[in-house]
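K.L.:
Pasting work_25.cif below, which is mmCIF, C-alpha atoms.
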data_entry
loop_
_atom_site.label_atom_id
_atom_site.label_comp_id
_atom_site.auth_asym_id
_atom_site.auth_seq_id
_atom_site.Cartn_x
_atom_site.Cartn_y
_atom_site.Cartn_z
CA MET A 218 0.00 0.00 0.00
CA ASP A 219 1.52 3.30 -1.04
CA LEU A 220 1.42 5.98 1.60
CA ALA A 221 2.53 8.73 -0.71
CA GLN A 222 3.56 8.91 -4.32
CA ILE A 223 5.37 11.36 -6.54
CA THR A 224 4.87 11.08 -10.26
CA GLY A 225 6.33 12.97 -13.12
CA GLU A 226 9.86 14.19 -13.73
CA VAL A 227 11.47 13.24 -10.46
CA GLY A 228 14.85 13.47 -12.14
CA ALA A 229 14.49 17.23 -12.19
CA ILE A 230 14.01 17.29 -8.42
CA GLY A 231 17.04 15.04 -8.08
CA TYR A 232 19.22 17.35 -10.10
CA GLY A 233 18.02 20.37 -8.13
CA LEU A 234 19.04 18.67 -4.90
CA ALA A 235 22.32 17.58 -6.41
CA ALA A 236 23.22 21.14 -7.30
CA ILE A 237 23.14 22.36 -3.70
CA GLY A 238 26.38 20.75 -2.57
CA PRO A 239 28.67 21.82 -5.41
CA GLY A 240 27.17 25.31 -5.31
CA ILE A 241 28.19 25.71 -1.70
CA GLY A 242 31.51 23.99 -2.37
CA VAL A 243 32.54 26.28 -5.21
CA GLY A 244 31.55 29.27 -3.11
CA ILE A 245 33.75 28.09 -0.26
CA ILE A 246 36.71 27.51 -2.57
CA PHE A 247 36.60 30.94 -4.13
CA ALA A 248 35.96 32.55 -0.75
CA ALA A 249 39.08 30.86 0.59
CA TYR A 250 41.11 32.08 -2.37
CA ILE A 251 39.85 35.64 -2.04
CA GLN A 252 40.49 35.71 1.69
CA SER A 253 43.95 34.25 1.43
CA THR A 254 44.83 36.73 -1.32
CA ALA A 255 43.49 39.56 0.80
CA ARG A 256 45.65 38.53 3.69
CA GLN A 257 48.78 37.97 1.64
CA PRO A 258 48.62 39.27 -1.92
CA GLU A 259 51.97 37.77 -2.89
CA SER A 260 50.58 34.28 -2.43
CA ALA A 261 47.92 34.75 -5.09
CA ARG A 262 50.07 33.38 -7.88
CA MET A 263 51.14 30.36 -5.89
CA THR A 264 47.67 29.34 -4.80
CA GLN A 265 46.01 29.90 -8.17
CA PRO A 266 46.59 26.34 -9.48
CA PHE A 267 44.88 25.02 -6.37
CA LEU A 268 41.98 27.35 -7.03
CA TRP A 269 41.38 25.89 -10.46
CA ILE A 270 42.00 22.29 -9.44
CA GLY A 271 39.62 22.62 -6.50
CA PHE A 272 37.00 24.29 -8.65
CA ALA A 273 37.16 21.59 -11.29
CA VAL A 274 36.97 18.75 -8.78
CA VAL A 275 33.91 20.23 -7.07
CA GLU A 276 32.33 21.17 -10.38
CA ALA A 277 32.71 17.55 -11.46
CA LEU A 278 30.06 16.62 -8.92
CA ALA A 279 27.68 19.27 -10.21
CA LEU A 280 28.16 17.99 -13.74
CA LEU A 281 27.73 14.39 -12.68
CA GLY A 282 24.33 15.62 -11.52
CA ILE A 283 23.47 16.96 -14.95
CA ALA A 284 24.77 13.89 -16.74
CA PHE A 285 23.12 11.37 -14.46
CA GLY A 286 19.87 13.28 -14.75
CA PHE A 287 19.75 11.93 -18.28
CA VAL A 288 21.03 8.49 -17.31
CA PHE A 289 18.38 8.02 -14.67
CA ALA A 290 15.65 9.64 -16.72
CA GLY A 291 14.45 6.26 -17.88
CA ASP A 292 11.69 5.81 -20.45
CA MET B 299 15.20 7.72 -32.97
CA ARG B 300 17.49 9.38 -35.42
CA GLY B 301 16.51 12.98 -35.89
CA PRO B 302 16.80 14.75 -39.21
CA THR B 303 20.34 15.32 -40.43
CA THR B 304 20.78 18.30 -38.19
CA ASP B 305 22.54 18.81 -34.96
CA GLY B 306 20.38 21.43 -33.50
CA LEU B 307 22.60 24.43 -33.92
CA ALA B 308 24.77 24.13 -36.96
CA SER B 309 22.00 22.96 -39.23
CA GLY B 310 21.16 26.46 -40.42
CA ARG B 311 18.01 28.41 -40.21
CA VAL B 312 15.15 27.36 -38.01
CA SER B 313 12.36 29.24 -39.65
CA ALA B 314 9.24 30.29 -37.86
CA ALA B 315 7.32 27.76 -39.90
CA GLN B 316 9.38 24.80 -38.65
CA GLU B 317 8.74 23.88 -35.05
CA PRO B 318 12.04 23.69 -33.16
CA HIS B 319 12.41 20.63 -31.00
CA PHE B 320 12.33 21.94 -27.47
CA PRO B 321 13.47 20.74 -24.94
CA PRO B 322 16.52 19.44 -26.83
CA GLU B 323 16.85 15.67 -26.94
CA VAL B 324 20.04 13.79 -26.31
CA GLU B 325 19.58 11.38 -29.22
CA GLU B 326 18.97 13.97 -31.86
CA ASN B 327 21.66 16.42 -30.87
CA PHE B 328 24.51 14.19 -29.81
CA PHE B 329 24.16 10.93 -31.73
CA LEU B 330 24.89 12.30 -35.14
CA PRO B 331 24.08 10.35 -38.29
CA GLY B 332 26.71 8.75 -40.46
CA LEU B 333 27.91 10.93 -43.29
CA VAL B 334 27.92 8.21 -45.92
CA GLU B 335 24.47 6.86 -46.63
CA GLY B 336 24.15 3.16 -46.03
CA SER B 337 27.66 2.35 -44.85
CA PHE B 338 30.26 3.51 -42.34
CA PRO B 339 27.85 4.51 -39.60
CA TRP B 340 30.84 5.37 -37.48
CA LEU B 341 31.96 8.07 -39.90
CA THR B 342 30.09 11.00 -38.38
CA LYS B 343 30.88 14.64 -37.91
CA ILE B 344 32.46 13.70 -34.59
CA THR B 345 34.91 11.33 -36.24
CA LEU B 346 35.90 13.98 -38.76
CA LEU B 347 36.41 16.47 -35.94
CA VAL B 348 38.81 14.18 -34.13
CA TRP B 349 40.79 13.62 -37.32
CA LEU B 350 40.72 17.35 -37.96
CA ALA B 351 42.08 18.08 -34.49
CA VAL B 352 44.91 15.58 -34.90
CA GLY B 353 45.73 16.89 -38.36
CA LEU B 354 45.69 20.51 -37.25
CA LEU B 355 48.01 19.83 -34.36
CA ILE B 356 50.51 17.94 -36.48
CA VAL B 357 50.48 20.59 -39.18
CA TYR B 358 50.71 23.46 -36.72
CA PHE B 359 53.68 22.21 -34.77
CA LEU B 360 55.54 21.11 -37.87
CA TRP B 361 54.92 24.48 -39.48
CA ALA B 362 55.80 26.48 -36.40
CA TYR B 363 59.12 24.73 -36.03
CA ARG B 364 60.41 24.96 -39.58
CA ARG B 365 63.82 26.58 -39.55
CA PRO B 366 64.01 27.35 -35.85
CA GLN B 367 66.19 30.30 -34.98
CA LEU B 368 67.94 31.37 -31.84
CA VAL B 369 65.94 34.56 -31.69
CA PRO B 370 62.50 33.13 -32.30
CA THR B 371 60.13 34.36 -34.95
CA LYS B 372 56.60 35.08 -33.87
CA ARG B 373 55.20 31.70 -34.86
CA GLN B 374 58.11 29.88 -33.27
CA TRP B 375 57.66 31.93 -30.11
CA MET B 376 53.98 31.07 -29.94
CA ALA B 377 54.60 27.32 -30.20
CA GLU B 378 57.49 27.57 -27.77
CA SER B 379 55.35 29.47 -25.28
CA LEU B 380 52.71 26.79 -25.46
CA TYR B 381 55.24 24.03 -24.94
CA GLY B 382 57.04 26.05 -22.29
CA PHE B 383 53.87 26.65 -20.34
CA VAL B 384 53.07 22.94 -20.14
CA ARG B 385 56.67 21.90 -19.60
CA ASN B 386 57.55 24.45 -16.92
CA ARG B 387 54.38 25.33 -15.15
CA MET B 388 52.69 21.96 -15.34
CA ALA B 389 55.28 19.19 -15.58
CA GLY B 390 58.15 21.09 -14.01
CA ASP B 391 56.37 22.75 -11.11
CA LEU B 392 54.28 19.75 -10.20
CA ILE B 393 56.60 16.81 -10.71
CA GLY B 394 60.00 18.42 -10.64
CA HIS B 395 63.03 17.60 -12.71
CA GLU B 396 62.07 14.05 -13.65
CA GLY B 397 58.70 15.26 -14.84
CA LEU B 398 60.22 17.01 -17.80
CA ARG B 399 60.30 13.81 -19.85
CA PHE B 400 56.51 13.78 -19.73
CA ALA B 401 56.31 17.28 -21.15
CA PRO B 402 55.86 16.18 -24.80
CA TYR B 403 52.95 13.91 -23.95
CA PHE B 404 51.37 16.49 -21.66
CA THR B 405 51.70 19.18 -24.31
CA THR B 406 50.09 16.94 -26.92
CA LEU B 407 47.32 16.03 -24.53
CA PHE B 408 46.75 19.64 -23.54
CA CYS B 409 46.69 20.93 -27.10
CA PHE B 410 44.43 18.12 -28.29
CA LEU B 411 41.99 18.70 -25.44
CA LEU B 412 42.12 22.46 -25.94
CA LEU B 413 41.34 22.10 -29.63
CA THR B 414 38.57 19.55 -29.26
CA ASN B 415 37.01 21.47 -26.38
CA LEU B 416 37.08 24.73 -28.31
CA PHE B 417 35.30 22.98 -31.17
CA SER B 418 32.20 23.26 -29.01
CA ILE B 419 31.98 27.01 -29.60
CA ILE B 420 33.53 27.45 -33.04
CA PRO B 421 30.74 28.44 -35.45
CA GLY B 422 29.90 25.74 -37.94
CA ILE B 423 31.31 22.99 -35.74
CA GLN B 424 29.65 23.75 -32.42
CA ILE B 425 30.09 20.33 -30.89
CA SER B 426 32.99 18.86 -29.04
CA PRO B 427 34.01 15.23 -29.65
CA ASN B 428 34.52 15.07 -25.89
CA SER B 429 30.76 15.23 -25.45
CA HIS B 430 30.81 11.58 -26.44
CA ILE B 431 32.13 9.71 -23.46
CA ALA B 432 34.28 7.41 -25.59
CA PHE B 433 37.04 9.95 -26.15
CA PRO B 434 37.45 11.07 -22.52
CA ILE B 435 37.40 7.41 -21.50
CA VAL B 436 40.32 6.58 -23.79
CA LEU B 437 42.32 9.59 -22.61
CA ALA B 438 41.59 8.78 -18.98
CA VAL B 439 42.65 5.16 -19.47
CA ILE B 440 45.91 6.35 -20.99
CA SER B 441 46.53 8.57 -17.96
CA TYR B 442 45.60 5.68 -15.67
CA VAL B 443 48.00 3.27 -17.32
CA LEU B 444 50.64 6.02 -17.39
CA PHE B 445 50.76 6.74 -13.70
CA ILE B 446 50.58 3.08 -12.70
CA TRP B 447 53.29 2.16 -15.21
CA VAL B 448 55.54 4.96 -14.02
CA GLY B 449 55.00 3.96 -10.39
CA VAL B 450 55.68 0.29 -11.01
CA ARG B 451 58.78 1.08 -13.02
CA ARG B 452 60.08 3.34 -10.26
CA HIS B 453 59.29 1.23 -7.23
CA GLY B 454 58.73 -2.31 -8.43
CA PHE B 455 55.35 -4.02 -8.65
CA LEU B 456 54.56 -4.85 -5.03
CA ALA B 457 56.42 -1.89 -3.60
CA TYR B 458 54.43 0.50 -5.76
CA PHE B 459 51.11 -0.81 -4.46
CA LYS B 460 52.46 -0.70 -0.96
CA GLN B 461 53.39 2.94 -1.46
CA ALA B 462 50.07 3.77 -3.07
CA LEU B 463 47.78 1.99 -0.65
CA LEU B 464 49.43 2.55 2.71
CA PRO B 465 49.33 6.16 3.81
CA PRO B 466 51.45 7.30 6.76
CA ALA B 467 49.00 6.58 9.53
CA PRO B 468 48.93 4.65 12.83
CA TRP B 469 48.73 0.91 12.26
CA PHE B 470 45.31 0.43 13.77
CA ILE B 471 43.42 2.57 11.24
CA LEU B 472 45.21 1.19 8.22
CA PRO B 473 42.53 -1.51 7.73
CA ILE B 474 39.98 1.28 7.26
CA LEU B 475 42.25 3.53 5.24
CA MET B 476 43.48 0.91 2.79
CA PRO B 477 40.14 0.25 1.08
CA ILE B 478 39.53 3.98 0.90
CA GLU B 479 42.91 4.57 -0.72
CA LEU B 480 42.39 1.65 -3.08
CA PHE B 481 39.02 2.98 -4.14
CA SER B 482 40.12 6.56 -4.48
CA THR B 483 43.37 5.89 -6.30
CA PHE B 484 42.55 3.03 -8.61
CA ILE B 485 38.85 3.43 -9.23
CA VAL B 486 37.81 7.02 -8.65
CA ARG B 487 40.74 8.63 -10.47
CA PRO B 488 40.21 7.31 -13.98
CA VAL B 489 36.44 7.47 -13.67
CA THR B 490 36.38 11.08 -12.57
CA LEU B 491 38.99 12.12 -15.10
CA ALA B 492 36.81 10.84 -17.92
CA LEU B 493 33.50 11.84 -16.40
CA ARG B 494 34.60 15.37 -15.53
CA LEU B 495 35.67 16.15 -19.07
CA PHE B 496 32.69 14.43 -20.64
CA ALA B 497 30.13 16.00 -18.33
CA ASN B 498 31.54 19.50 -18.81
CA MET B 499 31.39 19.24 -22.59
CA PHE B 500 28.04 17.49 -22.63
CA ALA B 501 26.44 19.93 -20.23
CA GLY B 502 27.95 22.91 -22.00
CA HIS B 503 26.53 21.84 -25.33
CA MET B 504 23.20 21.09 -23.68
CA ILE B 505 23.03 24.53 -22.05
CA LEU B 506 23.71 26.30 -25.33
CA LEU B 507 21.06 24.15 -26.99
CA VAL B 508 18.51 24.91 -24.31
CA PHE B 509 18.95 28.65 -24.54
CA THR B 510 19.10 28.79 -28.31
CA LEU B 511 16.21 26.46 -28.98
CA GLY B 512 14.32 27.99 -26.07
CA GLY B 513 14.59 31.33 -27.77
CA PHE B 514 13.07 29.89 -30.92
CA ALA B 515 10.41 28.09 -28.92
CA MET B 516 9.46 31.33 -27.22
CA LEU B 517 9.48 33.14 -30.54
CA ASN B 518 6.97 30.68 -31.94
CA ALA B 519 4.90 30.45 -28.80
CA THR B 520 2.89 33.58 -28.00
CA ALA B 521 3.29 37.21 -28.96
CA LEU B 522 3.97 38.03 -25.31
CA LEU B 523 6.97 35.74 -25.07
CA ALA B 524 8.56 36.78 -28.35
CA PRO B 525 10.66 39.64 -26.88
CA VAL B 526 11.89 37.29 -24.14
CA SER B 527 13.48 35.19 -26.83
CA VAL B 528 15.98 38.00 -27.38
CA VAL B 529 16.96 37.77 -23.72
CA SER B 530 17.43 34.05 -24.22
CA TRP B 531 19.75 34.65 -27.15
CA LEU B 532 21.76 37.27 -25.27
CA LEU B 533 22.22 34.71 -22.51
CA THR B 534 23.38 32.27 -25.15
CA ILE B 535 26.14 34.68 -26.09
CA ALA B 536 27.17 35.08 -22.45
CA LEU B 537 27.14 31.33 -21.97
CA THR B 538 29.25 30.84 -25.07
CA LEU B 539 31.93 32.96 -23.41
CA LEU B 540 31.57 30.88 -20.27
CA GLU B 541 31.89 27.79 -22.42
CA ALA B 542 35.16 29.14 -23.79
CA LEU B 543 36.47 29.49 -20.25
CA ILE B 544 35.29 26.01 -19.35
CA ALA B 545 36.89 24.55 -22.46
CA VAL B 546 40.32 25.93 -21.62
CA LEU B 547 39.92 25.12 -17.94
CA GLN B 548 38.94 21.50 -18.52
CA ALA B 549 41.92 20.93 -20.78
CA TYR B 550 44.18 22.43 -18.13
CA ILE B 551 42.57 20.42 -15.33
CA PHE B 552 42.86 17.10 -17.16
CA VAL B 553 46.56 17.55 -17.77
CA ILE B 554 47.37 18.98 -14.35
CA LEU B 555 45.56 16.12 -12.63
CA THR B 556 47.42 13.59 -14.76
CA ALA B 557 50.66 15.31 -13.79
CA SER B 558 49.61 15.23 -10.15
CA TYR B 559 48.91 11.50 -10.34
CA VAL B 560 52.28 10.86 -11.96
CA GLN B 561 53.92 12.91 -9.23
CA GLY B 562 52.11 10.85 -6.61
CA ALA B 563 53.31 7.65 -8.24
CA LEU B 564 56.90 8.87 -8.39
CA ALA B 565 56.94 10.06 -4.80
CA GLU B 566 59.30 8.29 -2.48
CA GLU B 567 58.22 6.10 0.41
CA HIS B 568 56.57 8.07 3.15
#
Kindly transcribe the structure held in the file into structure tokens.

P.N.:
Amino acid sequence: MDLAQITGEVGAIGYGLAAIGPGIGVGIIFAAYIQSTARQPESARMTQPFLWIGFAVVEALALLGIAFGFVFAGD
Amino acid sequence: MRGPTTDGLASGRVSAAQEPHFPPEVEENFFLPGLVEGSFPWLTKITLLVWLAVGLLIVYFLWAYRRPQLVPTKRQWMAESLYGFVRNRMAGDLIGHEGLRFAPYFTTLFCFLLLTNLFSIIPGIQISPNSHIAFPIVLAVISYVLFIWVGVRRHGFLAYFKQALLPPAPWFILPILMPIELFSTFIVRPVTLALRLFANMFAGHMILLVFTLGGFAMLNATALLAPVSVVSWLLTIALTLLEALIAVLQAYIFVILTASYVQGALAEEH
């Protein structure tokens, strides 16, 4: 016996939920870079590779969300 | 379902009389039809693009390095800057002196990825071969084999896996850490390398499709929505610029992560 049921494009809800984490993550990464540069401007060049690597790794999760939205779409 | 011989964007005009297919489908826009009717289904626009990228790279570097001079000409300087960037700032900074022998492969990889990623925004082409997961998978497998091979050659077969799987930690948590390291080093790395590149290119193409075709859908919908279609197209332009950034960034990330994995494999015992 079903207590509750959701029909329709549940994949869209899934992707919306999946976008929360990477959104916060990317924000934290860039905030860290901005703060560290503000404290010590000379370090900006040295930490820039880490900025981009961190961004790409976190963004990978967001894009997995988009891609798997199609994989799990079914029908 | 094979759509008409279009790929959504580069097909030409979508007139007001022809209903644009919105929301864009994966099949129609990514699984392109074979170019030769009735045979060679694998010979699609994507295949030609990969060959084009390879050909362009070979021709460019051969041309740029004809008659090299001590004081470089402009074209020589450009090619040297490209190679120097990858050699010094990627291989050299990350791996150190012994990383320099990987510089040719990393440069080739970087240039190939840069070119194929930029294909996604070049007018007329407007799709990246990397939006088919096959190509990122092959490149990721090559990187995977590379860093394991380098590690095994440096340390020896068993010693390499000992170095890779046993982090410097107290003995009693090693039973928990070892499966995590195994999973993250030998399973997650190649999968995420391929998936990151593929998903970025796939999603980028999808986003441009959504905004472009959405504009046409709004144009054909009601008179009220027609002006909004212009906003949609302006956003498409902005997103194309974002796509350019993503294209360069993803090429850089793929190579720098490969370099980082090679560096991890070459690292001495903790």

K.L.:
Residues of chain B near chain A: apply a cut-off of 7 Å, count all atoms listed in the file, and supply the list as a ChimeraX atom specification.

P.N.:
/B:494,497-498,501,551

K.L.:
Counting only C-alpha atoms, which residues sit no farther than 12 Å from the position (27.9, 30.7, -20.1) in the file's frame? I'd like them as number ranges by chain.

P.N.:
B: 419, 498, 501-509, 530-545

K.L.:
Counting only C-alpha atoms, figure out which residue out of B:Ala565, B:Val560, B:Val384, B:Val528 gets nearest to B:Ile446.

P.N.:
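The answer is B:Val560, which sits nearest to B:Ile446.
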
K.L.:
Mind giving me the straight-line distance from atom CA of A:Ala261 to atom CA of B:Arg387 in Å, one decimal?

P.N.:
15.2 Å

K.L.:
At what distance in Å, to one decimal, does atom CA of B:Ala432 lie from atom CA of B:Trp340?

P.N.:
12.5 Å

K.L.:
May I ask for the distance between atom CA of B:Phe417 and atom CA of B:Leu491, given in Å to one decimal place?

P.N.:
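A separation of 19.7 Å between them.
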
K.L.:
Nearest to B:Ile554 among A:Gln252, A:Phe267, A:Gln222, A:Gly286, with distances taken over only C-alpha atoms: which residue is it?

P.N.:
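Closest to B:Ile554, using only C-alpha atoms: A:Phe267.
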
K.L.:
Check which residues satisfy the PyMOL selection byres ((chain A and resi 231) around 10) in the file shown, then give them as a ChimeraX atom specification.

P.N.:
/A:226-230,232-236,282-283,285-286,289

K.L.:
Going by the chain IDs and residue numbers used in this file, which residues fall under the PyMOL selection byres ((chain B and resi 558) around 12)? Write them as a VMD selection string.

P.N.:
(chain A and resid 266 to 267 270) or (chain B and resid 388 to 394 397 400 404 441 to 442 444 to 445 483 487 551 to 557 559 to 565)

K.L.:
Skip A:Ala249 itself and residues of its chain fewer than 3 positions away, then list as a PyMOL selection string all residues within 12 Å of it, counting all atoms listed in the file.

P.N.:
chain A and resi 242-246+252-256+261+264-265+267-268+271-272

K.L.:
Return the single residue from B:Arg385, B:His453, B:Met376, B:Val546 that is closest to B:Tyr403, with distances computed using all atoms listed in the file.

P.N.:
B:Arg385

K.L.:
Near B:Val526, counting only C-alpha atoms, which residues have an atom at most 12 Å away, once you skip same-chain residues fewer than 2 positions from it, shown as a PyMOL selection string?

P.N.:
chain B and resi 509-510+512-524+528-533

K.L.:
In terms of the shortest atom-to-atom distance over only C-alpha atoms, which of B:Trp361, B:Ser418, B:Leu350, B:Leu380 is closest to B:Ala401?

P.N.:
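So, comparing all the options, the nearest one is B:Leu380.
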
K.L.:
Between B:Ile440, B:Met499, B:Val486, B:Ile471, single out the one closest to B:Leu416, counting only C-alpha atoms.

P.N.:
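Residue with the minimum atom-to-atom distance to B:Leu416: B:Met499.
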
K.L.:
The PyMOL selection byres ((chain B and resi 411) around 10) - which residues does that actually catch in the file I just gave you? List them as a list in words.

P.N.:
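What the PyMOL selection byres ((chain B and resi 411) around 10) grabs from the file is Ala351, Thr405, Thr406, Leu407, Phe408, Cys409, Phe410, Leu412, Leu413, Thr414, Asn415, Leu416, Phe417, Ser426, Pro427, Asn428, Pro434, Leu437, Leu495, Ala545, Val546, Gln548, Ala549, Tyr550, Phe552 and Val553 of chain B.
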
K.L.:
Please rebuild stretch 435-450 of chain B with N, CA and C atoms and give the result as a PDB file, keeping the file's coordinate frame.

P.N.:
ATOM      1  N   ILE B 435      37.060   8.686 -22.131  1.00  0.00           N
ATOM      2  CA  ILE B 435      37.400   7.410 -21.500  1.00  0.00           C
ATOM      3  C   ILE B 435      38.780   6.958 -21.963  1.00  0.00           C
ATOM      4  N   VAL B 436      39.023   7.038 -23.272  1.00  0.00           N
ATOM      5  CA  VAL B 436      40.320   6.580 -23.790  1.00  0.00           C
ATOM      6  C   VAL B 436      41.443   7.409 -23.181  1.00  0.00           C
ATOM      7  N   LEU B 437      41.254   8.744 -23.161  1.00  0.00           N
ATOM      8  CA  LEU B 437      42.320   9.590 -22.610  1.00  0.00           C
ATOM      9  C   LEU B 437      42.535   9.311 -21.138  1.00  0.00           C
ATOM     10  N   ALA B 438      41.443   9.070 -20.408  1.00  0.00           N
ATOM     11  CA  ALA B 438      41.590   8.780 -18.980  1.00  0.00           C
ATOM     12  C   ALA B 438      42.283   7.444 -18.769  1.00  0.00           C
ATOM     13  N   VAL B 439      41.978   6.461 -19.608  1.00  0.00           N
ATOM     14  CA  VAL B 439      42.650   5.160 -19.470  1.00  0.00           C
ATOM     15  C   VAL B 439      44.139   5.301 -19.743  1.00  0.00           C
ATOM     16  N   ILE B 440      44.476   6.135 -20.726  1.00  0.00           N
ATOM     17  CA  ILE B 440      45.910   6.350 -20.990  1.00  0.00           C
ATOM     18  C   ILE B 440      46.583   6.963 -19.771  1.00  0.00           C
ATOM     19  N   SER B 441      45.933   7.966 -19.155  1.00  0.00           N
ATOM     20  CA  SER B 441      46.530   8.570 -17.960  1.00  0.00           C
ATOM     21  C   SER B 441      46.637   7.559 -16.829  1.00  0.00           C
ATOM     22  N   TYR B 442      45.624   6.699 -16.714  1.00  0.00           N
ATOM     23  CA  TYR B 442      45.600   5.680 -15.670  1.00  0.00           C
ATOM     24  C   TYR B 442      46.774   4.728 -15.822  1.00  0.00           C
ATOM     25  N   VAL B 443      46.895   4.190 -17.053  1.00  0.00           N
ATOM     26  CA  VAL B 443      48.000   3.270 -17.320  1.00  0.00           C
ATOM     27  C   VAL B 443      49.328   3.984 -17.112  1.00  0.00           C
ATOM     28  N   LEU B 444      49.385   5.264 -17.502  1.00  0.00           N
ATOM     29  CA  LEU B 444      50.640   6.020 -17.390  1.00  0.00           C
ATOM     30  C   LEU B 444      51.108   6.094 -15.950  1.00  0.00           C
ATOM     31  N   PHE B 445      50.228   6.530 -15.047  1.00  0.00           N
ATOM     32  CA  PHE B 445      50.760   6.740 -13.700  1.00  0.00           C
ATOM     33  C   PHE B 445      51.039   5.427 -12.995  1.00  0.00           C
ATOM     34  N   ILE B 446      50.266   4.370 -13.314  1.00  0.00           N
ATOM     35  CA  ILE B 446      50.580   3.080 -12.700  1.00  0.00           C
ATOM     36  C   ILE B 446      51.895   2.524 -13.259  1.00  0.00           C
ATOM     37  N   TRP B 447      52.062   2.656 -14.567  1.00  0.00           N
ATOM     38  CA  TRP B 447      53.290   2.160 -15.210  1.00  0.00           C
ATOM     39  C   TRP B 447      54.505   2.870 -14.639  1.00  0.00           C
ATOM     40  N   VAL B 448      54.409   4.194 -14.533  1.00  0.00           N
ATOM     41  CA  VAL B 448      55.540   4.960 -14.020  1.00  0.00           C
ATOM     42  C   VAL B 448      55.851   4.553 -12.585  1.00  0.00           C
ATOM     43  N   GLY B 449      54.787   4.353 -11.784  1.00  0.00           N
ATOM     44  CA  GLY B 449      55.000   3.960 -10.390  1.00  0.00           C
ATOM     45  C   GLY B 449      55.622   2.589 -10.278  1.00  0.00           C
ATOM     46  N   VAL B 450      55.144   1.654 -11.093  1.00  0.00           N
ATOM     47  CA  VAL B 450      55.680   0.290 -11.010  1.00  0.00           C
ATOM     48  C   VAL B 450      57.119   0.262 -11.491  1.00  0.00           C
TER      49      VAL B 450
END
